[in-house]
>>> print(open('my_file-v4.txt').read())   # compact mmCIF, C-alpha atoms and all ligand atoms
# COMPACT_ATOMS: atom_id res chain seq x y z
CA MET V 1 -3.17 -19.35 5.64
CA ILE V 2 -2.46 -19.03 1.96
CA PHE V 3 1.08 -17.84 1.30
CA ARG V 4 2.67 -17.72 -2.14
CA GLN V 5 6.09 -16.49 -3.11
CA LEU V 6 6.07 -15.57 -6.79
CA PHE V 7 9.14 -14.71 -8.84
CA ASP V 8 9.86 -12.37 -11.72
CA GLY V 9 12.98 -13.71 -13.41
CA VAL V 10 13.67 -10.52 -15.36
CA SER V 11 14.07 -8.26 -12.33
CA GLY V 12 14.72 -10.93 -9.70
CA THR V 13 11.70 -9.68 -7.74
CA TYR V 14 9.75 -11.69 -5.22
CA THR V 15 6.06 -10.93 -4.95
CA TYR V 16 3.99 -12.29 -2.09
CA LEU V 17 0.34 -13.24 -2.14
CA LEU V 18 -1.31 -13.61 1.26
CA ALA V 19 -4.77 -14.61 2.41
CA SER V 20 -6.17 -16.17 5.55
CA ARG V 21 -8.32 -18.68 3.69
CA ARG V 22 -9.62 -19.86 0.34
CA GLY V 23 -12.49 -17.64 -0.73
CA GLY V 24 -11.21 -14.79 1.44
CA GLU V 25 -9.54 -11.42 1.02
CA ALA V 26 -6.01 -11.29 -0.35
CA LEU V 27 -3.05 -8.92 -0.12
CA ILE V 28 -0.24 -8.78 -2.65
CA ILE V 29 3.16 -7.28 -1.82
CA ASP V 30 5.55 -5.89 -4.47
CA PRO V 31 3.72 -6.95 -7.65
CA VAL V 32 5.51 -6.59 -11.02
CA LEU V 33 3.55 -5.09 -13.93
CA GLU V 34 4.45 -7.79 -16.47
CA LYS V 35 3.21 -10.50 -14.13
CA VAL V 36 -0.23 -9.04 -13.39
CA ASP V 37 -2.05 -11.56 -15.60
CA ARG V 38 -0.36 -14.40 -13.76
CA TYR V 39 -1.31 -12.98 -10.34
CA LEU V 40 -4.93 -12.53 -11.39
CA GLN V 41 -5.09 -16.06 -12.72
CA LEU V 42 -3.72 -17.45 -9.46
CA ILE V 43 -6.07 -15.26 -7.42
CA ALA V 44 -9.01 -16.64 -9.43
CA GLU V 45 -7.75 -20.22 -9.11
CA LEU V 46 -7.48 -19.86 -5.34
CA ASP V 47 -10.90 -18.20 -5.23
CA LEU V 48 -9.49 -15.07 -3.57
CA LYS V 49 -10.60 -11.45 -3.66
CA LEU V 50 -7.67 -9.06 -4.01
CA VAL V 51 -8.37 -6.13 -1.70
CA LYS V 52 -4.93 -4.55 -1.20
CA ALA V 53 -1.73 -4.23 -3.24
CA ALA V 54 1.29 -2.82 -1.40
CA ASP V 55 4.81 -1.85 -2.43
CA THR V 56 7.56 -1.92 0.19
CA HIS V 57 9.22 1.07 -1.53
CA LEU V 58 9.56 2.92 -4.81
CA HIS V 59 11.23 0.35 -7.03
CA ALA V 60 13.96 1.29 -9.51
CA ASP V 61 14.35 -2.04 -11.30
CA HIS V 62 10.82 -2.89 -12.40
CA VAL V 63 7.52 -1.17 -13.03
CA THR V 64 5.08 -1.81 -10.20
CA GLY V 65 1.87 -3.75 -10.79
CA LEU V 66 -0.03 -1.57 -8.30
CA GLY V 67 -1.88 0.59 -10.82
CA ALA V 68 -2.81 -2.29 -13.13
CA LEU V 69 -4.09 -4.40 -10.25
CA ARG V 70 -6.13 -1.45 -8.97
CA ASP V 71 -7.61 -0.84 -12.40
CA ARG V 72 -8.50 -4.48 -12.91
CA THR V 73 -9.72 -5.45 -9.44
CA ARG V 74 -10.55 -2.09 -7.79
CA CYS V 75 -8.24 -3.06 -4.94
CA ILE V 76 -6.69 -0.48 -2.61
CA THR V 77 -3.11 0.56 -3.41
CA VAL V 78 -0.85 0.94 -0.38
CA MET V 79 2.53 2.57 0.21
CA GLY V 80 4.29 4.26 3.08
CA GLU V 81 3.63 7.86 4.06
CA MET V 82 7.21 8.80 3.12
CA SER V 83 6.72 7.74 -0.48
CA ARG V 84 6.82 10.42 -3.18
CA VAL V 85 4.45 8.44 -5.40
CA ASP V 86 1.71 10.77 -6.68
CA VAL V 87 -1.35 8.97 -5.37
CA VAL V 88 -1.87 5.74 -3.56
CA SER V 89 -5.15 4.92 -1.94
CA LEU V 90 -3.83 4.22 1.55
CA ARG V 91 -0.64 5.49 3.17
CA ILE V 92 0.82 3.65 6.12
CA ALA V 93 3.38 4.56 8.77
CA GLU V 94 5.50 2.94 11.47
CA GLY V 95 3.23 1.34 14.04
CA ASP V 96 0.25 1.04 11.70
CA LYS V 97 -1.32 -2.28 10.86
CA LEU V 98 -1.79 -3.41 7.29
CA ARG V 99 -4.97 -5.43 7.52
CA ILE V 100 -7.06 -7.73 5.42
CA GLU V 101 -9.69 -10.19 6.58
CA GLY V 102 -8.02 -12.60 9.01
CA LEU V 103 -4.50 -11.15 8.68
CA SER V 104 -2.70 -8.21 10.23
CA LEU V 105 0.83 -7.05 9.37
CA ASP V 106 2.81 -4.65 11.54
CA VAL V 107 4.32 -1.78 9.56
CA LEU V 108 7.97 -0.99 10.27
CA TYR V 109 9.62 2.07 8.73
CA THR V 110 13.02 0.78 7.60
CA PRO V 111 14.67 3.50 5.46
CA GLY V 112 18.16 3.25 4.01
CA HIS V 113 17.84 1.53 0.65
CA THR V 114 15.40 4.36 -0.15
CA ASP V 115 13.85 6.90 2.19
CA ASP V 116 10.46 5.27 1.62
CA SER V 117 11.36 1.68 2.52
CA TYR V 118 9.04 -0.23 4.80
CA SER V 119 9.01 -3.79 6.15
CA PHE V 120 5.93 -5.75 7.08
CA LEU V 121 5.97 -8.14 10.02
CA MET V 122 3.42 -10.92 10.15
CA GLY V 123 3.87 -13.34 13.06
CA ASP V 124 6.72 -15.68 12.24
CA ARG V 125 7.85 -13.84 9.10
CA VAL V 126 8.96 -10.43 7.95
CA PHE V 127 8.81 -8.97 4.45
CA THR V 128 11.94 -6.86 4.31
CA GLY V 129 11.69 -5.29 0.85
CA ASP V 130 15.22 -4.33 -0.19
CA THR V 131 16.29 -3.30 3.29
CA LEU V 132 17.55 -6.74 4.26
CA LEU V 133 18.25 -9.29 1.54
CA ILE V 134 19.49 -12.86 1.88
CA ARG V 135 23.23 -12.52 2.58
CA GLY V 136 23.04 -8.96 1.33
CA THR V 137 21.42 -5.58 1.86
CA GLY V 138 19.79 -3.20 -0.60
CA ARG V 139 22.11 -0.66 -2.17
CA THR V 140 22.03 2.81 -0.65
CA ASP V 141 23.53 4.91 -3.44
CA PHE V 142 20.40 6.36 -5.10
CA GLN V 143 16.77 7.35 -4.39
CA ASN V 144 17.75 9.16 -1.19
CA GLY V 145 19.45 6.01 0.04
CA ASP V 146 21.42 6.38 3.23
CA ALA V 147 23.77 3.73 4.63
CA ARG V 148 23.52 5.16 8.15
CA ALA V 149 19.73 4.97 8.12
CA GLN V 150 19.92 1.44 6.73
CA TYR V 151 22.28 0.38 9.51
CA ASP V 152 19.81 1.74 12.04
CA SER V 153 16.87 0.01 10.32
CA ILE V 154 18.65 -3.33 10.20
CA PHE V 155 20.48 -3.34 13.52
CA GLY V 156 17.92 -1.28 15.43
CA LYS V 157 14.75 -2.93 14.14
CA LEU V 158 15.01 -6.03 11.96
CA LEU V 159 17.80 -7.83 13.84
CA LYS V 160 15.92 -7.22 17.09
CA LEU V 161 13.17 -9.58 15.91
CA PRO V 162 13.28 -13.17 17.23
CA GLU V 163 16.11 -15.12 15.58
CA ASP V 164 13.81 -17.69 14.01
CA THR V 165 11.72 -15.02 12.23
CA LEU V 166 11.62 -15.91 8.55
CA VAL V 167 13.04 -13.27 6.20
CA PHE V 168 11.28 -12.84 2.88
CA PRO V 169 13.01 -10.15 0.79
CA ALA V 170 11.80 -8.33 -2.33
CA HIS V 171 14.71 -9.60 -4.42
CA ASP V 172 17.19 -12.35 -4.84
CA TYR V 173 19.53 -12.90 -7.73
CA LYS V 174 20.91 -16.32 -6.78
CA GLY V 175 17.72 -18.29 -6.27
CA GLU V 176 17.64 -18.10 -2.46
CA THR V 177 14.04 -17.93 -1.33
CA VAL V 178 13.99 -17.47 2.43
CA SER V 179 16.29 -16.96 5.39
CA THR V 180 15.95 -16.17 9.09
CA ILE V 181 16.98 -13.21 11.22
CA GLY V 182 19.45 -15.42 13.12
CA GLU V 183 21.08 -16.67 9.91
CA GLU V 184 21.45 -13.18 8.54
CA LYS V 185 22.89 -11.95 11.82
CA ARG V 186 25.59 -14.59 11.64
CA PHE V 187 26.24 -15.12 7.96
CA ASN V 188 25.26 -11.98 6.06
CA PRO V 189 28.69 -10.61 5.05
CA ARG V 190 27.47 -7.00 5.14
CA LEU V 191 26.34 -7.34 8.73
CA GLN V 192 29.67 -8.50 10.13
CA VAL V 193 30.69 -4.92 10.87
CA LYS V 194 31.72 -3.48 14.22
CA SER V 195 30.27 0.00 13.81
CA VAL V 196 27.96 2.13 11.74
CA ASP V 197 30.99 3.87 10.22
CA GLU V 198 32.37 0.55 9.03
CA TYR V 199 29.00 -0.22 7.43
CA ILE V 200 28.89 3.18 5.70
CA GLU V 201 32.40 2.59 4.35
CA LEU V 202 31.46 -0.87 3.10
CA MET V 203 28.34 0.39 1.32
CA GLY V 204 30.29 3.30 -0.17
CA LYS V 205 32.72 0.94 -1.87
CA LEU V 206 30.14 -1.11 -3.76
CA LYS V 207 30.11 0.99 -6.98
CA LEU V 208 27.21 -0.87 -8.56
CA PRO V 209 25.90 -0.02 -12.04
CA ASN V 210 22.43 1.52 -12.12
CA PRO V 211 19.57 -0.93 -12.75
CA LYS V 212 18.85 -1.33 -16.47
CA LEU V 213 15.25 -0.20 -16.14
CA MET V 214 15.87 2.64 -13.69
CA ASP V 215 15.12 5.50 -16.13
CA VAL V 216 11.84 3.84 -17.06
CA ALA V 217 10.80 2.31 -13.78
CA VAL V 218 11.25 5.24 -11.40
CA PRO V 219 9.21 7.79 -13.41
CA ALA V 220 6.52 5.16 -14.10
CA ASN V 221 6.37 4.14 -10.45
CA LEU V 222 6.04 7.74 -9.29
CA HIS V 223 2.78 8.04 -11.20
CA VAL V 224 0.48 5.21 -10.25
CA GLY V 225 -2.47 7.37 -9.20
CA LEU V 226 -5.92 6.60 -10.52
CA HIS V 227 -6.96 9.02 -13.22
CA GLN V 228 -9.47 10.93 -11.16
CA GLU V 229 -9.89 13.33 -14.11
CA GLU V 230 -12.10 10.75 -15.83
CA ILE V 231 -14.52 10.87 -12.92
CA ALA V 232 -14.26 14.68 -12.86
CA LYS V 233 -14.96 14.95 -16.60
CA ARG V 234 -18.20 13.09 -16.12
CA GLY V 235 -19.20 15.64 -13.49
CA TRP V 236 -18.97 13.16 -10.64
CA ALA V 237 -16.36 15.05 -8.61
CA LEU V 238 -16.69 17.95 -6.19
CA SER V 239 -13.82 20.20 -5.19
CA PRO V 240 -13.40 20.48 -1.42
CA ALA V 241 -14.74 24.05 -1.66
CA ASP V 242 -17.89 22.88 -3.48
CA ALA V 243 -18.36 20.06 -0.99
CA MET V 244 -18.04 22.50 1.93
CA LYS V 245 -21.01 24.49 0.60
CA LEU V 246 -23.11 21.32 0.77
CA LEU V 247 -22.26 20.49 4.39
CA GLY V 248 -25.31 20.28 6.59
CA ARG V 249 -27.82 20.13 3.75
CA PRO V 250 -30.43 17.48 4.51
CA GLU V 251 -30.23 15.83 1.08
CA ILE V 252 -26.46 15.31 1.28
CA VAL V 253 -25.12 12.06 2.71
CA LEU V 254 -21.37 12.14 3.22
CA VAL V 255 -19.80 8.69 3.32
CA ASP V 256 -16.29 8.13 4.65
CA LEU V 257 -14.68 5.10 2.97
CA ARG V 258 -11.52 4.98 5.03
CA GLU V 259 -10.52 2.39 7.62
CA PRO V 260 -11.08 3.02 11.34
CA ASN V 261 -7.41 3.73 12.07
CA GLU V 262 -7.22 6.34 9.29
CA ARG V 263 -10.28 8.05 10.76
CA GLU V 264 -8.76 8.08 14.22
CA LYS V 265 -5.47 9.43 12.95
CA HIS V 266 -6.68 12.09 10.53
CA GLY V 267 -10.15 12.93 11.80
CA VAL V 268 -13.46 12.90 9.92
CA ILE V 269 -15.67 15.39 8.11
CA PRO V 270 -18.46 16.33 10.55
CA GLY V 271 -21.72 14.52 10.02
CA SER V 272 -20.38 11.81 7.76
CA LEU V 273 -21.32 8.15 7.82
CA HIS V 274 -18.70 5.43 7.81
CA ALA V 275 -18.72 2.61 5.25
CA PRO V 276 -15.24 1.15 4.60
CA TYR V 277 -14.38 0.86 0.92
CA GLY V 278 -14.21 -2.95 1.09
CA GLU V 279 -17.90 -3.11 1.96
CA ILE V 280 -19.10 -0.66 -0.65
CA ALA V 281 -20.16 -3.28 -3.20
CA ARG V 282 -22.55 -4.72 -0.62
CA HIS V 283 -23.92 -1.30 0.36
CA VAL V 284 -24.81 -0.29 -3.20
CA GLN V 285 -26.56 -3.55 -4.06
CA SER V 286 -30.24 -4.07 -3.41
CA GLY V 287 -30.86 -4.31 0.32
CA GLY V 288 -27.67 -2.34 0.97
CA MET V 289 -27.51 0.71 3.23
CA LEU V 290 -26.69 3.26 0.54
CA ARG V 291 -29.30 1.95 -1.82
CA ALA V 292 -31.87 2.24 0.95
CA LEU V 293 -30.81 5.83 1.68
CA MET V 294 -31.19 6.75 -1.96
CA ARG V 295 -34.79 5.69 -2.15
CA ASN V 296 -35.38 9.33 -1.42
CA GLU V 297 -34.92 10.85 -4.87
CA ARG V 298 -33.39 14.05 -3.57
CA THR V 299 -30.59 12.30 -1.68
CA ARG V 300 -27.08 12.76 -3.01
CA ILE V 301 -24.25 10.59 -1.79
CA VAL V 302 -20.81 12.20 -1.51
CA PHE V 303 -18.02 9.68 -0.95
CA TYR V 304 -14.65 10.64 0.42
CA CYS V 305 -11.46 8.83 1.44
CA ALA V 306 -7.81 9.73 2.04
CA PHE V 307 -6.72 10.91 -1.43
CA GLY V 308 -9.74 10.45 -3.67
CA GLU V 309 -8.84 7.04 -5.11
CA ARG V 310 -11.16 4.81 -3.20
CA SER V 311 -13.95 7.39 -3.47
CA ALA V 312 -13.52 7.63 -7.26
CA MET V 313 -13.78 3.85 -7.48
CA ALA V 314 -16.80 3.90 -5.17
CA VAL V 315 -18.55 6.45 -7.41
CA GLN V 316 -17.95 4.12 -10.34
CA ALA V 317 -19.26 1.13 -8.35
CA ALA V 318 -22.37 3.08 -7.29
CA ARG V 319 -23.03 4.28 -10.82
CA ASP V 320 -22.50 0.74 -12.15
CA ALA V 321 -25.10 -0.42 -9.64
CA GLY V 322 -27.53 2.19 -10.94
CA LEU V 323 -27.13 4.82 -8.22
CA ALA V 324 -26.83 7.92 -10.35
CA ALA V 325 -26.66 10.52 -7.59
CA ALA V 326 -23.23 9.53 -6.29
CA CYS V 327 -20.16 11.75 -6.47
CA HIS V 328 -16.95 12.19 -4.50
CA ILE V 329 -14.60 14.79 -3.06
CA ALA V 330 -11.63 15.04 -5.42
CA GLY V 331 -8.34 14.57 -3.59
CA GLY V 332 -10.04 13.23 -0.48
CA MET V 333 -9.29 14.21 3.10
CA ASP V 334 -5.84 15.40 2.07
CA ALA V 335 -7.32 18.04 -0.26
CA TRP V 336 -10.10 18.79 2.22
CA LYS V 337 -7.58 19.66 4.93
CA LYS V 338 -5.50 21.78 2.53
CA ALA V 339 -8.68 23.71 1.73
CA ALA V 340 -9.19 24.24 5.49
CA GLY V 341 -12.35 22.12 5.59
CA PRO V 342 -13.74 21.39 9.06
CA VAL V 343 -12.44 18.22 10.66
CA GLU V 344 -13.87 16.45 13.66
CA ARG V 345 -11.55 14.44 15.86
CA ARG V 346 -14.27 12.52 17.63
CA VAL V 347 -14.87 9.21 15.92
CA ASP V 348 -18.18 7.51 16.42
CA ALA V 349 -18.74 3.93 15.43
CA ILE V 350 -21.71 4.46 13.16
FE FE V 401 14.60 -1.52 -4.49
>>> encode(input="my_file-v4.txt", output="structure tokens", more="lines below")
Ligand SMILES: [Fe+2]
Amino acid sequence: MIFRQLFDGVSGTYTYLLASRRGGEALIIDPVLEKVDRYLQLIAELDLKLVKAADTHLHADHVTGLGALRDRTRCITVMGEMSRVDVVSLRIAEGDKLRIEGLSLDVLYTPGHTDDSYSFLMGDRVFTGDTLLIRGTGRTDFQNGDARAQYDSIFGKLLKLPEDTLVFPAHDYKGETVSTIGEEKRFNPRLQVKSVDEYIELMGKLKLPNPKLMDVAVPANLHVGLHQEEIAKRGWALSPADAMKLLGRPEIVLVDLREPNEREKHGVIPGSLHAPYGEIARHVQSGGMLRALMRNERTRIVFYCAFGERSAMAVQAARDAGLAAACHIAGGMDAWKKAAGPVERRVDAI
């Protein structure tokens, strides 16, 4: 496995780059905007393909690198379903798996620092975001923070993991890089409390100044969505209502770009094919499935995904590969459902 812990000295943020092998798919967790060039250089040096960029929560102390990495690599942006961020490509929830080739991370919903804080468990290690820090815990006094929820997340979930589980947080300000669940249980001063009320009292007394970048970072981080208007301006987007009128027409090929677990959870548009976003480059090249389908000049491909991000990028990829008759459903399945479009629960492996 390739595992890199990268540091941004300005915000004290740790960013993690994960891959199962050289030449394989990579995931980055909590990237910082100013460091995007460095990440991309390292990704190239290690011969990796960045396929997903995830934030553990809405950060207040730095601007996320999610949007820039998406724009430069066409990777999928990932955040939790509780996040208020305008658009991310993939939303995950407690019990979901965050997957790339050869690696699978369990998603834990661990609110408290913010109401959109998640931790990711991967075998012997857990990425705790700002929920559990080394000898500390994330503050709970803004962004819908809640000391009671954080107590429950830490004592009810994280500290229940095996004691030798490695703890990799999103921040450290003293140069500590890693800890374990057992160490934090015993030596984290904030966790030496006898009750949830004692913890709430302790967190209430901290009186920390707001992060320097908070007024810049939070608004910026709320708006990381791909500018789907560009695709719409070129006439490559259909509203859900327009797409509904095309359902069942023989020349229309609907292609669902989501992952199998999203399809199971949220259902599919009847009659659509399945081609996960990560495979789309292959499908639009010569010999690929979509290219073969479009040999018929009348065929029109309509991509869709969860929120319209992956499908907008797929339209661009198809057009770049010379497939002019590709468009997408703006706003994805989310918009489709709001427009009362038909949804099929049965999922066939096509
Ligand atoms: Fe944070």
>>> residues_around(input="my_file-v4.txt", residues="region 17-23 of chain V", least_positions_apart="3", cutoff="8 Å", atoms="all atoms listed in the file", output="PyMOL selection string")
chain V and resi 1-6+26-29+46-49+100-103
>>> residues_around(input="my_file-v4.txt", residues="region 83-88 of chain V", least_positions_apart="4", cutoff="8 Å", atoms="all atoms listed in the file", output="list in words")
His57, Leu58, Ile76, Thr77, Val78, Met79, Asp115, Asp116, Asn221, Leu222, His223, Val224, Gly225, Leu226, Phe307 and Glu309 of chain V
>>> closest_atom_pairs(input="my_file-v4.txt", of="chain V", to="ligand FE 401 (chain V)", cutoff="6 Å", atoms="all atoms listed in the file", output="CSV")
residue,atom,partner,partner_atom,distance
V:His59,CA,V:FE401,FE,4.6
V:Ala60,CA,V:FE401,FE,5.8
V:Asp130,CA,V:FE401,FE,5.2
>>> residues_around(input="my_file-v4.txt", residues="region 282-288 of chain V", least_positions_apart="2", cutoff="8 Å", atoms="all atoms listed in the file", output="list in words")
Glu279, Ile280, Leu290, Arg291, Ala292, Ala317, Ala318, Ala321 and Leu323 of chain V
>>> atom_distance(input="my_file-v4.txt", atom1="CA of Gly123 (chain V)", atom2="CA of Gly278 (chain V)")
24.0 Å
>>> residues_near_point(input="my_file-v4.txt", point="(5.5, -0.5, -13.2)", cutoff="6 Å", atoms="only C-alpha atoms", output="PDB file with C-alpha atoms, in the coordinates of the input")
ATOM      1  CA  LEU V  33       3.550  -5.090 -13.930  1.00  0.00           C
ATOM      2  CA  HIS V  62      10.820  -2.890 -12.400  1.00  0.00           C
ATOM      3  CA  VAL V  63       7.520  -1.170 -13.030  1.00  0.00           C
ATOM      4  CA  THR V  64       5.080  -1.810 -10.200  1.00  0.00           C
ATOM      5  CA  GLY V  65       1.870  -3.750 -10.790  1.00  0.00           C
ATOM      6  CA  ALA V 220       6.520   5.160 -14.100  1.00  0.00           C
ATOM      7  CA  ASN V 221       6.370   4.140 -10.450  1.00  0.00           C
TER       8      ASN V 221
END
>>> atom_distance(input="my_file-v4.txt", atom1="CA of Arg139 (chain V)", atom2="CA of Pro211 (chain V)")
10.9 Å
>>> atom_distance(input="my_file-v4.txt", atom1="CA of Thr177 (chain V)", atom2="CA of Leu90 (chain V)")
28.6 Å
>>> closest_residue(input="my_file-v4.txt", among="V:Gly145, V:Asp61, V:Tyr16, V:Arg190", to="Leu42 (chain V)", atoms="all atoms listed in the file")
V:Tyr16
>>> closest_residue(input="my_file-v4.txt", among="V:Val107, V:Leu166, V:Arg135, V:Val343", to="Lys265 (chain V)", atoms="all atoms listed in the file")
V:Val343
>>> axis_aligned_box(input="my_file-v4.txt", around="region 227-239 of chain V", padding_each_side="5 Å", output="JSON")
{"center_x": -13.1, "center_y": 14.6, "center_z": -10.9, "size_x": 22.2, "size_y": 21.2, "size_z": 21.4}
>>> residues_around(input="my_file-v4.txt", residues="Asp106 (chain V)", least_positions_apart="2", cutoff="10 Å", atoms="all atoms listed in the file", output="JSON, numbers by chain")
{"V": [93, 94, 95, 96, 97, 98, 99, 104, 108, 109, 119, 120, 121, 122, 123, 126]}
>>> residues_around(input="my_file-v4.txt", residues="region 230-232 of chain V", least_positions_apart="4", cutoff="12 Å", atoms="only C-alpha atoms", output="count of residues only")
22
>>> closest_residue(input="my_file-v4.txt", among="V:Glu198, V:Asp55, V:Asp242, V:Asp172", to="Trp336 (chain V)", atoms="only C-alpha atoms")
V:Asp242
>>> residues_near_point(input="my_file-v4.txt", point="(13.5, 1.9, 4.9)", cutoff="10 Å", atoms="only C-alpha atoms", output="JSON, numbers by chain")
{"V": [56, 57, 80, 82, 108, 109, 110, 111, 112, 113, 114, 115, 116, 117, 118, 119, 128, 129, 130, 131, 132, 138, 145, 146, 149, 150, 152, 153, 154]}
>>> build_atoms(input="my_file-v4.txt", residues="region 9-28 of chain V", atoms="N, CA and C atoms", output="compact mmCIF listing (two decimals), in the frame of the given file")
# COMPACT_ATOMS: atom_id res chain seq x y z
N GLY V 9 11.60 -13.39 -13.04
CA GLY V 9 12.98 -13.71 -13.41
C GLY V 9 13.73 -12.55 -14.04
N VAL V 10 13.00 -11.63 -14.68
CA VAL V 10 13.67 -10.52 -15.36
C VAL V 10 14.31 -9.57 -14.35
N SER V 11 13.56 -9.22 -13.31
CA SER V 11 14.07 -8.26 -12.33
C SER V 11 14.54 -8.92 -11.03
N GLY V 12 14.34 -10.24 -10.94
CA GLY V 12 14.72 -10.93 -9.70
C GLY V 12 13.85 -10.53 -8.52
N THR V 13 12.60 -10.15 -8.81
CA THR V 13 11.70 -9.68 -7.74
C THR V 13 10.85 -10.81 -7.18
N TYR V 14 10.72 -10.81 -5.87
CA TYR V 14 9.75 -11.69 -5.22
C TYR V 14 8.49 -10.90 -4.91
N THR V 15 7.37 -11.51 -5.24
CA THR V 15 6.06 -10.93 -4.95
C THR V 15 5.36 -11.91 -4.03
N TYR V 16 4.63 -11.40 -3.05
CA TYR V 16 3.99 -12.29 -2.09
C TYR V 16 2.48 -12.11 -2.13
N LEU V 17 1.80 -13.23 -2.18
CA LEU V 17 0.34 -13.24 -2.14
C LEU V 17 -0.09 -13.87 -0.82
N LEU V 18 -0.90 -13.14 -0.07
CA LEU V 18 -1.31 -13.61 1.26
C LEU V 18 -2.82 -13.58 1.40
N ALA V 19 -3.34 -14.59 2.08
CA ALA V 19 -4.77 -14.61 2.41
C ALA V 19 -4.94 -15.53 3.61
N SER V 20 -5.98 -15.31 4.38
CA SER V 20 -6.17 -16.17 5.55
C SER V 20 -6.87 -17.47 5.19
N ARG V 21 -7.57 -17.46 4.05
CA ARG V 21 -8.32 -18.68 3.69
C ARG V 21 -8.72 -18.64 2.23
N ARG V 22 -9.03 -19.80 1.69
CA ARG V 22 -9.62 -19.86 0.34
C ARG V 22 -10.94 -19.10 0.36
N GLY V 23 -11.23 -18.37 -0.67
CA GLY V 23 -12.49 -17.64 -0.73
C GLY V 23 -12.44 -16.31 0.01
N GLY V 24 -11.29 -16.00 0.63
CA GLY V 24 -11.21 -14.79 1.44
C GLY V 24 -10.49 -13.64 0.75
N GLU V 25 -10.24 -12.60 1.54
CA GLU V 25 -9.54 -11.42 1.02
C GLU V 25 -8.05 -11.71 0.88
N ALA V 26 -7.44 -11.08 -0.12
CA ALA V 26 -6.01 -11.29 -0.35
C ALA V 26 -5.27 -9.97 -0.41
N LEU V 27 -3.98 -10.05 -0.04
CA LEU V 27 -3.05 -8.92 -0.12
C LEU V 27 -1.89 -9.37 -1.00
N ILE V 28 -1.43 -8.47 -1.87
CA ILE V 28 -0.24 -8.78 -2.65
C ILE V 28 0.82 -7.73 -2.34
